[in-house]
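Written below as structure tokens is the structure these notes are about.
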Amino acid sequence: MEAILDHGSSSPTTHSAPAKTWTARVLGSLLVLFLLVDGAGKVLRLAPYVEGTARVGYSPSCLVPIGLVLIACTTLYAVPRTAVLGAVLLTGYLGGATATHVRMGEPFFFPVVFGVLTWACLYVRDARVRTLLVRRPREVGEKR
């Protein structure tokens, strides 16, 4: 972090934008890595994934298409130009995972947290998302 001098006082203040950006990049990279490994495990039909899929009531034949969808959505999210589309698609994917956990009566904490992290990281790293999500004050005389 770099210290900057506040013009209104004699005490230095901390500039946290670089720290936020790097935190979002690291968390986003870990998120992407986890999702890609998860997708690859599905595509490769590793034993824990086959067993887990059967346990939640899905046919093992669904495993490869689900893994490919996850890899495609995650790749879109990882590329800055298509990150918003990837985040929207990952939100849908994680919504399905949440619904599956709820249907099975299992804790659904992880898919929800991953969805929130997806958007939080994107919010910090992409000014377009901040512009869309942050409400600006209305000008005097401006209509709703």
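Residues are referred to by chain and number: the chain letter is A, B, ... according to the order shown in the structure tokens, the number counts from 1 in that chain, and ligands are numbered separately from 1 in the order shown.
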Practice item. DSSP on the backbone, then: every residue of range 2-78 of chain A marked strand (DSSP E), written as a ChimeraX atom specification. Key: /A:2-5,12-15
Write to file, as a compact mmCIF listing (two decimals), in the first residue's frame, the residues of the selection just made, with N, CA and C atoms.
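This went into part_25.txt:
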```
# COMPACT_ATOMS: atom_id res chain seq x y z
N GLU A 2 0.38 2.25 -0.60
CA GLU A 2 1.17 3.48 -0.63
C GLU A 2 0.47 4.53 0.21
N ALA A 3 1.24 5.30 0.90
CA ALA A 3 0.69 6.36 1.74
C ALA A 3 0.61 7.64 0.92
N ILE A 4 -0.51 8.31 1.06
CA ILE A 4 -0.66 9.61 0.41
C ILE A 4 -1.01 10.62 1.48
N LEU A 5 -0.72 11.86 1.23
CA LEU A 5 -0.98 12.90 2.20
C LEU A 5 -2.35 13.50 1.92
N PRO A 12 -0.89 11.22 7.39
CA PRO A 12 -1.00 10.46 6.14
C PRO A 12 -2.16 9.47 6.21
N THR A 13 -2.79 9.23 5.06
CA THR A 13 -3.85 8.23 4.98
C THR A 13 -3.38 7.12 4.04
N THR A 14 -3.98 5.98 4.16
CA THR A 14 -3.56 4.84 3.36
C THR A 14 -4.42 4.75 2.12
N HIS A 15 -3.78 4.58 1.00
CA HIS A 15 -4.47 4.41 -0.27
C HIS A 15 -4.67 2.92 -0.49
```
Contacts of range 31-37 of chain A within 9 Å, only C-alpha atoms, excl. fewer than 6 positions in-chain, as a CSV table (one decimal) with N, CA and C atoms, in the first residue's frame:
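result.csv, freshly written:
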```
chain,number,residue,atom,x,y,z
A,67,GLY,N,-19.3,-30.7,-16.7
A,67,GLY,CA,-17.9,-30.3,-16.6
A,67,GLY,C,-17.5,-29.3,-17.7
A,70,LEU,N,-19.0,-26.0,-17.1
A,70,LEU,CA,-18.3,-25.3,-16.1
A,70,LEU,C,-17.0,-24.7,-16.6
A,71,ILE,N,-16.3,-25.5,-17.4
A,71,ILE,CA,-15.0,-25.0,-17.9
A,71,ILE,C,-15.2,-23.8,-18.9
A,74,THR,N,-16.2,-20.7,-16.8
A,74,THR,CA,-15.1,-20.2,-16.1
A,74,THR,C,-14.0,-19.5,-17.0
A,75,THR,N,-13.9,-20.1,-18.2
A,75,THR,CA,-12.9,-19.5,-19.1
A,75,THR,C,-13.4,-18.1,-19.6
A,77,TYR,N,-15.2,-16.2,-17.8
A,77,TYR,CA,-15.0,-15.3,-16.6
A,77,TYR,C,-13.6,-14.9,-16.5
A,78,ALA,N,-12.7,-15.7,-16.8
A,78,ALA,CA,-11.2,-15.4,-16.7
A,78,ALA,C,-10.7,-14.4,-17.7
A,114,PHE,N,-19.3,-19.0,-3.5
A,114,PHE,CA,-18.6,-18.9,-4.8
A,114,PHE,C,-19.3,-17.9,-5.7
A,117,LEU,N,-18.4,-14.4,-4.3
A,117,LEU,CA,-17.0,-14.1,-4.6
A,117,LEU,C,-16.8,-13.8,-6.1
A,118,THR,N,-17.5,-14.5,-7.0
A,118,THR,CA,-17.4,-14.2,-8.4
A,118,THR,C,-17.7,-12.8,-8.7
```
Check your understanding: So which bits of chain A end up alpha helix (DSSP H) when you DSSP the backbone, as an NGL selection string?
Key -> :A and (17-43 or 47-55 or 63-78 or 83-103 or 109-125 or 127-133)
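Picture a line from CA of Arg130 in chain A to CA of Gly92 in chain A; it runs 20.6 Å.
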